[in-house]
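Asks: Below is entry_24.txt; it holds compact mmCIF, C-alpha atoms.
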# COMPACT_ATOMS: atom_id res chain seq x y z
CA MET A 1 44.15 53.08 -35.65
CA LYS A 2 42.81 55.99 -37.64
CA VAL A 3 42.79 59.54 -36.27
CA LEU A 4 39.06 59.51 -37.04
CA THR A 5 38.56 56.72 -34.51
CA LEU A 6 40.69 58.60 -31.97
CA ASN A 7 38.20 61.42 -32.24
CA PHE A 8 35.44 59.14 -30.93
CA LEU A 9 37.21 57.00 -28.33
CA THR A 10 36.74 57.78 -24.66
CA CYS A 11 38.00 56.18 -21.48
CA ALA A 12 36.24 52.88 -20.74
CA VAL A 13 36.30 53.30 -16.96
CA LYS A 14 32.77 53.81 -15.66
CA THR A 15 33.59 56.65 -13.26
CA CYS A 16 35.31 58.60 -16.05
CA LYS A 17 32.18 58.66 -18.22
CA SER A 18 30.82 61.74 -16.48
CA SER A 19 34.10 63.66 -16.58
CA ALA A 20 34.93 65.98 -19.47
CA ASP A 21 38.63 65.09 -19.20
CA SER A 22 38.06 61.51 -20.35
CA PHE A 23 37.78 62.75 -23.93
CA PRO A 24 39.88 62.97 -26.02
CA LEU A 25 42.42 60.35 -25.03
CA HIS A 26 45.94 61.71 -25.29
CA PRO A 27 48.35 59.78 -27.50
CA LYS A 28 51.75 59.13 -25.94
CA ASP A 29 54.93 57.82 -27.64
CA ALA A 30 52.90 57.42 -30.81
CA GLU A 31 54.38 55.83 -33.91
CA LEU A 32 52.45 56.81 -36.99
CA ALA A 33 52.07 55.20 -40.37
CA HIS A 34 50.51 56.34 -43.60
CA ASP A 35 48.09 54.12 -45.52
CA ASP A 36 46.79 54.91 -48.95
CA ILE A 37 43.01 54.76 -48.87
CA GLU A 38 40.72 55.78 -51.68
CA ILE A 39 39.16 59.16 -51.00
CA ASN A 40 35.47 59.08 -50.14
CA PRO A 41 33.96 62.61 -50.13
CA GLU A 42 30.48 61.42 -49.15
CA LEU A 43 31.75 59.71 -46.04
CA LEU A 44 33.72 62.79 -44.98
CA ALA A 45 30.67 64.99 -45.50
CA ASN A 46 28.64 62.53 -43.43
CA VAL A 47 31.14 62.34 -40.58
CA LEU A 48 32.24 65.99 -40.48
CA PRO A 49 29.31 67.35 -38.41
CA ARG A 50 29.97 64.69 -35.78
CA ILE A 51 33.68 65.39 -35.40
CA ASP A 52 34.61 67.18 -32.21
CA TRP A 53 36.81 69.84 -33.78
CA THR A 54 38.50 71.04 -30.58
CA ALA A 55 39.39 67.46 -29.73
CA LEU A 56 40.72 66.90 -33.24
CA ARG A 57 42.90 70.02 -32.93
CA THR A 58 44.31 68.76 -29.63
CA THR A 59 44.99 65.29 -31.03
CA SER A 60 46.65 66.54 -34.19
CA THR A 61 48.88 68.93 -32.23
CA GLU A 62 49.84 66.12 -29.85
CA LEU A 63 50.67 63.87 -32.79
CA GLY A 64 52.96 66.61 -34.13
CA PHE A 65 50.94 67.89 -37.06
CA PRO A 66 50.71 71.62 -37.92
CA GLU A 67 47.93 73.39 -36.10
CA LEU A 68 44.45 73.18 -37.58
CA PRO A 69 42.26 76.26 -38.10
CA ALA A 70 40.18 77.26 -35.07
CA GLN A 71 36.85 76.74 -36.81
CA PRO A 72 35.78 73.54 -38.55
CA PRO A 73 34.96 73.84 -42.25
CA THR A 74 31.31 73.50 -43.16
CA VAL A 75 30.11 70.69 -45.40
CA GLU A 76 29.63 73.13 -48.30
CA GLU A 77 33.17 74.47 -47.94
CA LEU A 78 34.46 70.93 -47.90
CA GLU A 79 32.63 69.96 -51.05
CA ALA A 80 33.86 73.04 -52.87
CA ASP A 81 37.51 72.83 -51.85
CA GLU A 82 39.29 69.73 -53.12
CA ALA A 83 42.63 70.52 -51.47
CA LEU A 84 40.91 70.81 -48.09
CA LEU A 85 39.08 67.55 -48.71
CA LYS A 86 42.37 65.78 -49.50
CA GLU A 87 44.05 67.20 -46.42
CA LEU A 88 41.24 66.16 -44.12
CA HIS A 89 41.08 62.71 -45.71
CA SER A 90 44.81 62.28 -45.25
CA LEU A 91 44.64 63.29 -41.58
CA LEU A 92 41.47 61.45 -40.57
CA LEU A 93 41.59 58.24 -42.57
CA GLU A 94 45.09 57.69 -43.92
CA THR A 95 47.08 58.52 -40.80
CA GLN A 96 47.32 55.44 -38.61
CA MET A 97 48.60 55.20 -35.08
CA MET A 98 50.52 51.92 -34.97
CA GLU A 99 52.28 51.84 -31.61
CA GLY A 100 52.14 53.83 -28.40
CA LYS A 101 49.72 54.57 -25.62
CA LEU A 102 46.46 56.39 -25.14
CA VAL A 103 46.19 58.17 -21.81
CA CYS A 104 42.95 59.19 -20.14
CA GLY A 105 43.08 62.77 -18.88
CA CYS A 106 40.79 61.94 -15.97
CA CYS A 107 42.01 58.71 -14.34
CA GLY A 108 45.39 58.50 -16.06
CA HIS A 109 44.82 54.93 -17.25
CA GLU A 110 47.08 54.04 -20.18
CA TYR A 111 45.65 51.98 -23.02
CA ALA A 112 48.39 50.25 -24.97
CA VAL A 113 48.28 50.34 -28.76
CA ARG A 114 50.12 47.54 -30.56
CA GLU A 115 50.14 47.00 -34.30
CA GLY A 116 47.31 49.47 -34.58
CA ILE A 117 45.08 47.62 -32.09
CA ALA A 118 44.24 49.42 -28.87
CA ASN A 119 43.76 47.28 -25.79
CA PHE A 120 40.62 48.44 -23.98
CA LEU A 121 40.32 45.43 -21.69
CA LEU A 122 40.04 46.73 -18.15
CA PRO A 123 41.47 45.04 -15.09
CA SER A 124 38.66 43.83 -12.83
CA HIS A 125 39.12 46.59 -10.20
CA LEU A 126 38.37 49.27 -12.79
CA VAL A 127 35.30 47.71 -14.38
CA MET B 1 24.80 21.64 -32.36
CA SER B 2 27.70 22.44 -30.10
CA ARG B 3 27.63 25.58 -28.06
CA PRO B 4 31.12 26.79 -27.09
CA GLU B 5 29.39 29.54 -25.09
CA ASP B 6 28.40 26.98 -22.46
CA THR B 7 31.87 25.82 -21.59
CA LEU B 8 34.35 28.66 -22.01
CA SER B 9 34.53 32.44 -22.24
CA ALA B 10 35.00 33.96 -25.69
CA ASP B 11 38.61 35.05 -25.20
CA VAL B 12 39.64 31.59 -23.98
CA HIS B 13 37.65 29.65 -26.57
CA TYR B 14 38.98 31.54 -29.58
CA ASP B 15 42.68 30.79 -29.20
CA ASP B 16 45.08 30.78 -32.16
CA VAL B 17 43.93 27.37 -33.37
CA GLU B 18 40.19 28.06 -33.09
CA ALA B 19 40.54 31.52 -34.64
CA ARG B 20 42.34 30.13 -37.68
CA LYS B 21 39.85 27.29 -38.02
CA TYR B 22 36.97 29.74 -37.82
CA THR B 23 38.37 32.02 -40.48
CA THR B 24 39.49 29.39 -42.96
CA SER B 25 36.31 27.33 -42.85
CA SER B 26 34.46 28.14 -46.06
CA ARG B 27 31.16 27.04 -44.53
CA ILE B 28 31.43 29.57 -41.69
CA LYS B 29 32.62 32.21 -44.14
CA ASN B 30 29.54 31.73 -46.32
CA ILE B 31 27.13 31.81 -43.39
CA GLN B 32 28.79 34.92 -41.96
CA ALA B 33 28.71 36.65 -45.32
CA SER B 34 25.04 35.96 -45.90
CA MET B 35 24.15 37.09 -42.40
CA THR B 36 26.16 40.30 -42.80
CA GLU B 37 24.41 41.04 -46.06
CA ARG B 38 21.05 40.46 -44.45
CA ALA B 39 22.03 42.77 -41.58
CA LEU B 40 23.13 45.45 -44.05
CA GLU B 41 19.81 45.12 -45.81
CA LEU B 42 18.04 45.68 -42.48
CA LEU B 43 20.24 48.69 -41.67
CA ASP B 44 19.23 50.21 -44.99
CA LEU B 45 22.10 52.69 -45.22
CA LYS B 46 21.86 55.17 -48.04
CA SER B 47 25.31 56.75 -47.94
CA PRO B 48 28.83 55.77 -46.79
CA SER B 49 28.62 55.49 -43.02
CA PHE B 50 30.68 55.03 -39.90
CA ILE B 51 29.77 51.63 -38.44
CA LEU B 52 30.61 49.77 -35.24
CA ASP B 53 31.15 46.02 -35.61
CA VAL B 54 30.55 44.39 -32.24
CA GLY B 55 32.44 41.12 -31.89
CA CYS B 56 34.15 41.62 -35.24
CA GLY B 57 36.39 38.56 -34.81
CA SER B 58 38.70 38.16 -37.77
CA GLY B 59 36.85 40.80 -39.74
CA LEU B 60 34.71 38.50 -41.89
CA SER B 61 31.73 40.82 -41.55
CA GLY B 62 33.83 43.98 -41.70
CA GLU B 63 35.24 42.98 -45.07
CA ILE B 64 31.75 43.05 -46.51
CA LEU B 65 31.16 46.51 -45.05
CA SER B 66 34.32 47.81 -46.75
CA GLN B 67 33.38 46.17 -50.03
CA THR B 68 29.79 47.42 -50.21
CA PRO B 69 29.42 48.85 -53.73
CA GLU B 70 28.64 52.53 -54.22
CA ASP B 71 25.13 51.99 -55.57
CA GLU B 72 24.23 50.23 -52.31
CA GLY B 73 25.48 53.10 -50.17
CA GLY B 74 29.02 51.91 -49.53
CA PRO B 75 31.89 51.65 -48.97
CA HIS B 76 31.53 52.04 -45.22
CA VAL B 77 34.22 52.78 -42.68
CA TRP B 78 34.04 50.55 -39.63
CA VAL B 79 35.55 50.04 -36.21
CA GLY B 80 35.58 46.53 -34.79
CA MET B 81 35.59 45.39 -31.18
CA ASP B 82 36.49 41.91 -30.06
CA ILE B 83 37.66 40.25 -26.87
CA SER B 84 39.78 37.56 -28.51
CA ALA B 85 43.36 38.65 -29.24
CA SER B 86 43.87 35.62 -31.49
CA MET B 87 40.90 36.56 -33.65
CA LEU B 88 42.24 40.12 -34.00
CA ASP B 89 45.64 38.68 -34.89
CA VAL B 90 44.06 36.76 -37.76
CA ALA B 91 42.28 39.96 -38.78
CA LEU B 92 45.64 41.77 -38.88
CA GLN B 93 47.14 39.06 -41.07
CA ARG B 94 44.19 39.31 -43.41
CA ASP B 95 44.83 43.04 -43.63
CA VAL B 96 41.28 44.27 -43.02
CA GLU B 97 40.55 47.94 -43.56
CA GLY B 98 38.69 48.77 -40.36
CA ASP B 99 40.18 49.79 -37.06
CA LEU B 100 40.35 47.10 -34.41
CA LEU B 101 39.95 47.33 -30.66
CA LEU B 102 40.66 44.65 -28.10
CA ALA B 103 37.74 45.20 -25.75
CA ASP B 104 35.13 43.34 -23.75
CA ILE B 105 31.66 44.43 -24.83
CA GLY B 106 30.36 43.47 -21.39
CA GLN B 107 32.46 46.31 -19.99
CA GLY B 108 30.68 48.90 -22.06
CA VAL B 109 31.36 50.59 -25.38
CA PRO B 110 34.17 53.16 -25.05
CA PHE B 111 32.96 55.71 -27.55
CA ARG B 112 31.52 59.14 -26.98
CA ALA B 113 27.84 59.85 -27.50
CA GLY B 114 26.53 59.86 -31.03
CA SER B 115 29.64 58.40 -32.67
CA PHE B 116 28.20 55.89 -35.09
CA ASP B 117 25.61 55.83 -37.86
CA ALA B 118 24.93 52.18 -37.25
CA ALA B 119 26.13 49.09 -35.47
CA ILE B 120 26.23 45.47 -36.54
CA SER B 121 26.97 42.34 -34.60
CA ILE B 122 27.17 38.87 -36.08
CA SER B 123 27.01 35.85 -33.75
CA ALA B 124 28.42 37.65 -30.75
CA ILE B 125 26.01 38.87 -28.10
CA GLN B 126 24.98 35.41 -26.89
CA TRP B 127 28.45 35.31 -25.30
CA LEU B 128 27.24 37.99 -22.89
CA CYS B 129 24.78 35.55 -21.33
CA ASN B 130 27.61 33.72 -19.59
CA ALA B 131 29.44 35.19 -16.64
CA GLU B 132 32.91 33.77 -16.21
CA SER B 133 33.51 35.11 -12.70
CA SER B 134 31.33 35.61 -9.68
CA GLU B 135 31.93 39.38 -9.79
CA THR B 136 29.91 39.83 -12.95
CA SER B 137 26.38 38.81 -13.83
CA PRO B 138 24.99 38.25 -17.33
CA ALA B 139 22.27 40.80 -16.71
CA GLY B 140 24.83 43.40 -15.61
CA ARG B 141 27.06 42.76 -18.62
CA LEU B 142 24.12 42.90 -21.01
CA SER B 143 22.89 46.18 -19.56
CA ARG B 144 26.39 47.75 -19.69
CA PHE B 145 26.71 46.72 -23.28
CA PHE B 146 23.30 47.94 -24.43
CA ASN B 147 23.57 51.20 -22.47
CA GLY B 148 26.97 51.86 -24.04
CA LEU B 149 25.71 50.94 -27.49
CA TYR B 150 22.66 53.15 -27.12
CA ALA B 151 24.78 56.14 -26.19
CA SER B 152 27.34 55.62 -28.94
CA LEU B 153 24.77 55.54 -31.75
CA LYS B 154 23.48 58.76 -33.23
CA ARG B 155 19.76 59.63 -33.06
CA GLY B 156 17.89 57.76 -35.74
CA GLY B 157 20.71 55.22 -35.89
CA ARG B 158 20.13 51.50 -36.08
CA ALA B 159 21.80 48.39 -34.81
CA VAL B 160 21.30 44.87 -36.11
CA CYS B 161 22.54 42.04 -33.92
CA GLN B 162 22.37 38.47 -35.17
CA PHE B 163 22.71 36.03 -32.30
CA TYR B 164 22.19 32.41 -31.29
CA PRO B 165 20.16 32.24 -28.09
CA LYS B 166 20.36 28.94 -26.23
CA ASN B 167 16.68 29.04 -25.28
CA ASP B 168 13.74 31.37 -24.92
CA VAL B 169 15.01 32.59 -21.56
CA GLN B 170 18.20 33.93 -23.14
CA LYS B 171 16.26 35.44 -26.01
CA GLN B 172 13.99 37.19 -23.56
CA MET B 173 16.90 38.33 -21.40
CA ILE B 174 18.75 39.92 -24.32
CA THR B 175 15.68 41.60 -25.76
CA SER B 176 14.52 43.03 -22.46
CA ALA B 177 18.02 44.36 -21.71
CA ALA B 178 17.95 46.19 -25.04
CA VAL B 179 14.52 47.63 -24.38
CA LYS B 180 15.58 48.73 -20.90
CA ALA B 181 18.51 50.63 -22.41
CA GLY B 182 16.03 52.66 -24.43
CA PHE B 183 16.12 50.95 -27.81
CA GLY B 184 13.10 50.28 -29.92
CA ALA B 185 13.61 46.55 -30.33
CA GLY B 186 12.22 43.91 -32.62
CA LEU B 187 13.16 40.36 -33.51
CA LEU B 188 13.35 39.11 -37.05
CA GLU B 189 13.44 35.37 -37.67
CA ASP B 190 14.75 34.05 -40.95
CA ASP B 191 13.72 30.50 -41.87
CA PRO B 192 11.71 30.01 -38.66
CA GLU B 193 11.32 26.50 -37.29
CA THR B 194 14.12 25.05 -39.37
CA LYS B 195 17.66 24.10 -38.46
CA ASN B 196 18.95 27.18 -40.25
CA MET B 197 16.85 29.59 -38.21
CA LYS B 198 18.62 32.93 -37.85
CA LEU B 199 17.57 35.48 -35.31
CA TYR B 200 18.19 39.18 -35.82
CA LEU B 201 17.61 41.74 -33.11
CA VAL B 202 16.85 45.03 -34.83
CA LEU B 203 17.38 48.03 -32.57
CA THR B 204 16.51 51.62 -33.30
CA VAL B 205 17.54 54.77 -31.49
CA GLY B 206 14.89 57.46 -31.37
CA GLY B 207 12.48 57.92 -34.26
CA SER B 208 13.99 57.64 -37.70
CA ALA B 209 13.08 60.13 -40.36
CA THR B 210 12.34 57.45 -42.94
CA GLY B 211 9.19 55.39 -42.95
CA THR B 212 5.75 56.48 -41.93
CA LYS B 213 5.19 53.68 -39.44
CA GLY B 214 7.83 55.04 -37.09
CA GLY B 215 11.41 54.02 -36.62
CA ASP B 216 10.94 50.54 -35.18
CA ILE B 217 11.30 47.18 -36.87
CA THR B 218 7.84 47.24 -38.40
CA GLY B 219 9.00 50.27 -40.35
CA VAL B 220 12.23 48.48 -41.29
CA VAL B 221 10.60 45.40 -42.75
CA ASP B 222 7.75 47.33 -44.30
CA GLY B 223 7.84 46.56 -48.00
CA MET B 224 10.10 43.52 -47.69
CA ASP B 225 8.86 40.32 -49.27
CA GLY B 226 7.84 37.30 -47.24
CA VAL B 227 7.87 38.92 -43.83
CA ASP B 228 5.00 38.27 -41.44
CA VAL B 229 4.63 40.85 -38.70
CA HIS B 230 3.54 39.58 -35.30
CA ASP B 231 3.03 42.63 -33.15
CA HIS B 232 2.71 41.61 -29.51
CA ARG B 233 2.81 45.10 -28.14
CA ARG B 234 -0.03 46.26 -26.02
CA LYS B 235 -2.21 48.84 -27.68
CA GLY B 236 -2.51 51.52 -25.03
CA THR B 237 -6.01 52.78 -25.83
CA LYS B 238 -7.90 49.48 -25.55
CA THR B 239 -9.33 48.83 -22.09
CA GLY B 240 -9.68 45.07 -22.59
CA LYS B 241 -11.04 42.98 -19.71
CA GLY B 242 -11.62 45.71 -17.14
CA GLU B 243 -14.95 46.78 -18.63
CA ILE B 244 -17.10 45.81 -15.63
CA LYS B 245 -16.08 47.64 -12.50
CA LYS B 246 -15.91 45.48 -9.43
CA GLY B 247 -18.76 46.25 -7.05
CA SER B 248 -20.96 47.89 -9.67
CA LYS B 249 -24.56 46.79 -10.34
CA ALA B 250 -23.56 45.03 -13.55
CA TRP B 251 -20.85 43.15 -11.67
CA ILE B 252 -23.27 42.07 -8.93
CA ILE B 253 -25.80 40.84 -11.48
CA ALA B 254 -23.13 38.90 -13.32
CA LYS B 255 -22.05 37.27 -10.06
CA LYS B 256 -25.61 36.39 -9.18
CA GLU B 257 -26.11 34.74 -12.57
CA GLN B 258 -22.89 32.83 -12.08
CA MET B 259 -24.07 31.56 -8.68
CA GLU B 260 -27.49 30.68 -10.06
CA ARG B 261 -25.88 28.59 -12.75
CA LYS B 262 -24.04 26.72 -10.05
CA GLY B 263 -27.40 25.88 -8.44
CA LYS B 264 -27.04 28.15 -5.43
CA ILE B 265 -30.03 29.96 -3.94
CA VAL B 266 -29.85 33.56 -5.07
CA LYS B 267 -32.07 36.48 -4.02
CA ALA B 268 -34.16 37.99 -6.81
CA THR B 269 -32.79 41.01 -8.59
CA SER B 270 -34.77 44.23 -8.03
CA LYS B 271 -34.35 47.95 -8.49
CA PHE B 272 -32.55 48.04 -5.12
CA THR B 273 -29.83 45.59 -6.18
CA GLY B 274 -26.41 47.13 -5.83
CA ARG B 275 -27.70 50.29 -4.18
CA LYS B 276 -26.12 51.78 -1.08
CA ARG B 277 -28.21 51.76 2.11
CA ARG B 278 -29.28 55.18 3.34
CA ILE B 279 -27.01 56.75 5.92
CA GLN B 280 -28.02 55.66 9.45
CA PHE B 281 -28.06 58.15 12.30
Spit out the file's structure as structure tokens when you get a sec.
Replies:
Amino acid sequence: MKVLTLNFLTCAVKTCKSSADSFPLHPKDAELAHDDIEINPELLANVLPRIDWTALRTTSTELGFPELPAQPPTVEELEADEALLKELHSLLLETQMMEGKLVCGCCGHEYAVREGIANFLLPSHLV
Amino acid sequence: MSRPEDTLSADVHYDDVEARKYTTSSRIKNIQASMTERALELLDLKSPSFILDVGCGSGLSGEILSQTPEDEGGPHVWVGMDISASMLDVALQRDVEGDLLLADIGQGVPFRAGSFDAAISISAIQWLCNAESSETSPAGRLSRFFNGLYASLKRGGRAVCQFYPKNDVQKQMITSAAVKAGFGAGLLEDDPETKNMKLYLVLTVGGSATGTKGGDITGVVDGMDGVDVHDHRRKGTKTGKGEIKKGSKAWIIAKKEQMERKGKIVKATSKFTGRKRRIQF
């Protein structure tokens, strides 16, 4: 699962929807992999305004990456700076979480991730 | 035509054998590919986008999203949701590019608000019309799904869901659930009244910036060839039947004429007809 997707996933439990703690989900015992994907500047420029930067900083720190700058780059900065573009592409799209767990900060439910597929099926008492 | 939806739930029906059969059948592959292309055409994406594939299965539709050429606005990045683990297993073996989630769409869409540019669903949402346990109802599952989908799409985003309704009741149930969730909804029928009829539910979130006719389906198909628009929506300004107020002079005269035609004895109409009596002390 890409770090980009992690930046959008929330807890599936209905009662957690209203809580701010249900996002982002916290990776636990994560095993990462690196995939080579062709760089797509237009997509990054399209997605960048929608990325929750504080959540991305939390996730990347929890995954053991060096700390990101406090402020997100603007789309213009991104288009001008190729090194920055490459770095962001590598973090968001090429880094894959293969194994581990995603933990909700609100209810503490653990979503298992196996072979890059997260299991979001809820047991009937949580639906 | 067999309908697996009637007998089993999706995760039970698509076991390892069925999932492999589904993905290796060239007939299904062709149909899925053409429907995905049609859906992409309806989405009308101009630049590489972040797309949700609802009921992605083995990634047959997702593959097309990843392979969309640059001049048609691709390649897109997608996230797929499916309830069948066997289908996702086949997708893994086929090494699809999108991210996969094992999730039940009837339990909602676990993404934060405004995540996706668009959503696509090929032959999936009719599965929501069946409840496999007494705790859930089709209407409840449909509304959880559409509410979740509505929230996870960005403003001006679009969703195209191709589905196979069993009958008009199911069609109506799905459409009204989408409308209740807040979508602007429209149905597009390809090859109507033939065996190959394909039904697409085109959903829009908020007004889209493109198109002068507004963001709904009539704006989407505007300019496409061979599309007849049947707009059944009520036009708010027209008063319609309620022109004659009940109890008014015109209404009384109309009634009297009606009775006269029936051969009843009717008092003559005068200047006092329909007037109030003066107030009695």
Asks: Which one is closest to chain B: A:Arg57, A:Lys86, A:His109, A:Arg114? Count only C-alpha atoms.
Replies: A:Arg114
Asks: I'd like the interatomic distance between atom CA of B:Ala139 and atom CA of B:Ser176, to a tenth of an Å.
Replies: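 Calculated distance between atom CA of B:Ala139 and atom CA of B:Ser176 is 9.9 Å.
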Asks: Identify which of the residues B:Thr24, B:Asn196, B:Thr36, B:Asn130 lies closest to B:Lys166, counting only C-alpha atoms when measuring atom-to-atom distances.
Replies: B:Asn130
Asks: Counting all atoms listed in the file, figure out which residue out of B:Leu101, B:Met259, B:Ile64, B:Leu201 gets nearest to B:Gly186.
Replies: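 Nearest candidate to B:Gly186 out of B:Leu101, B:Met259, B:Ile64, B:Leu201: B:Leu201.
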Asks: Taking only C-alpha atoms into account, what are the residues of chain A at most 10 Å from chain B, put as an mmCIF file with C-alpha atoms, in the frame of the given file?
Replies:
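Output file result10.cif is given in full below:
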data_model
loop_
_atom_site.group_PDB
_atom_site.id
_atom_site.type_symbol
_atom_site.label_atom_id
_atom_site.label_comp_id
_atom_site.auth_asym_id
_atom_site.auth_seq_id
_atom_site.Cartn_x
_atom_site.Cartn_y
_atom_site.Cartn_z
ATOM 1 C CA MET A 1 44.150 53.080 -35.650
ATOM 2 C CA LYS A 2 42.810 55.990 -37.640
ATOM 3 C CA LEU A 4 39.060 59.510 -37.040
ATOM 4 C CA THR A 5 38.560 56.720 -34.510
ATOM 5 C CA LEU A 6 40.690 58.600 -31.970
ATOM 6 C CA ASN A 7 38.200 61.420 -32.240
ATOM 7 C CA PHE A 8 35.440 59.140 -30.930
ATOM 8 C CA LEU A 9 37.210 57.000 -28.330
ATOM 9 C CA THR A 10 36.740 57.780 -24.660
ATOM 10 C CA CYS A 11 38.000 56.180 -21.480
ATOM 11 C CA ALA A 12 36.240 52.880 -20.740
ATOM 12 C CA VAL A 13 36.300 53.300 -16.960
ATOM 13 C CA LYS A 14 32.770 53.810 -15.660
ATOM 14 C CA LYS A 17 32.180 58.660 -18.220
ATOM 15 C CA SER A 22 38.060 61.510 -20.350
ATOM 16 C CA PHE A 23 37.780 62.750 -23.930
ATOM 17 C CA PRO A 24 39.880 62.970 -26.020
ATOM 18 C CA ASP A 35 48.090 54.120 -45.520
ATOM 19 C CA ILE A 37 43.010 54.760 -48.870
ATOM 20 C CA ASN A 40 35.470 59.080 -50.140
ATOM 21 C CA PRO A 41 33.960 62.610 -50.130
ATOM 22 C CA GLU A 42 30.480 61.420 -49.150
ATOM 23 C CA LEU A 43 31.750 59.710 -46.040
ATOM 24 C CA LEU A 44 33.720 62.790 -44.980
ATOM 25 C CA ALA A 45 30.670 64.990 -45.500
ATOM 26 C CA ASN A 46 28.640 62.530 -43.430
ATOM 27 C CA VAL A 47 31.140 62.340 -40.580
ATOM 28 C CA ARG A 50 29.970 64.690 -35.780
ATOM 29 C CA ILE A 51 33.680 65.390 -35.400
ATOM 30 C CA LEU A 93 41.590 58.240 -42.570
ATOM 31 C CA GLN A 96 47.320 55.440 -38.610
ATOM 32 C CA VAL A 113 48.280 50.340 -28.760
ATOM 33 C CA GLU A 115 50.140 47.000 -34.300
ATOM 34 C CA GLY A 116 47.310 49.470 -34.580
ATOM 35 C CA ILE A 117 45.080 47.620 -32.090
ATOM 36 C CA ALA A 118 44.240 49.420 -28.870
ATOM 37 C CA ASN A 119 43.760 47.280 -25.790
ATOM 38 C CA PHE A 120 40.620 48.440 -23.980
ATOM 39 C CA LEU A 121 40.320 45.430 -21.690
ATOM 40 C CA LEU A 122 40.040 46.730 -18.150
ATOM 41 C CA SER A 124 38.660 43.830 -12.830
ATOM 42 C CA LEU A 126 38.370 49.270 -12.790
ATOM 43 C CA VAL A 127 35.300 47.710 -14.380
#
Asks: For a test of reading the model, state the distance in Å between atom CA of A:Leu32 and atom CA of A:Gly100, rounded to one decimal.
Replies: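 Separation between atom CA of A:Leu32 and atom CA of A:Gly100: 9.1 Å.
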Asks: Using only C-alpha atoms, find the one residue out of B:Ile265, B:Ala39, B:Cys129, B:Leu203 that sits nearest to B:Met173.
Replies: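 Nearest candidate to B:Met173 out of B:Ile265, B:Ala39, B:Cys129, B:Leu203: B:Cys129.
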Asks: Please measure the separation of atom CA of B:Lys171 and atom CA of A:Pro123, giving the value in Å to one decimal.
Replies: 29.1 Å
Asks: Could you write out as JSON the box around stretch 3-14 of chain B (axis-aligned, all atoms listed in the file, 8 Å on each side), with centre and edge lengths in Å to one decimal?
Replies:
{"center_x": 33.6, "center_y": 30.3, "center_z": -25.6, "size_x": 28.0, "size_y": 25.5, "size_z": 24.0}
Asks: Env of B:Ala19: 8 Å cut, atoms = all atoms listed in the file, seq-sep filter 6 positions within chain, self excluded. Answer as a PyMOL selection string.
Replies: chain B and resi 58+86-87+90
Asks: Compare B:Gly274, B:Ser137, B:Ile51, B:Gly206 by their minimum atom-to-atom distance to B:Leu65, counting all atoms listed in the file, and give me the closest one.
Replies: B:Ile51
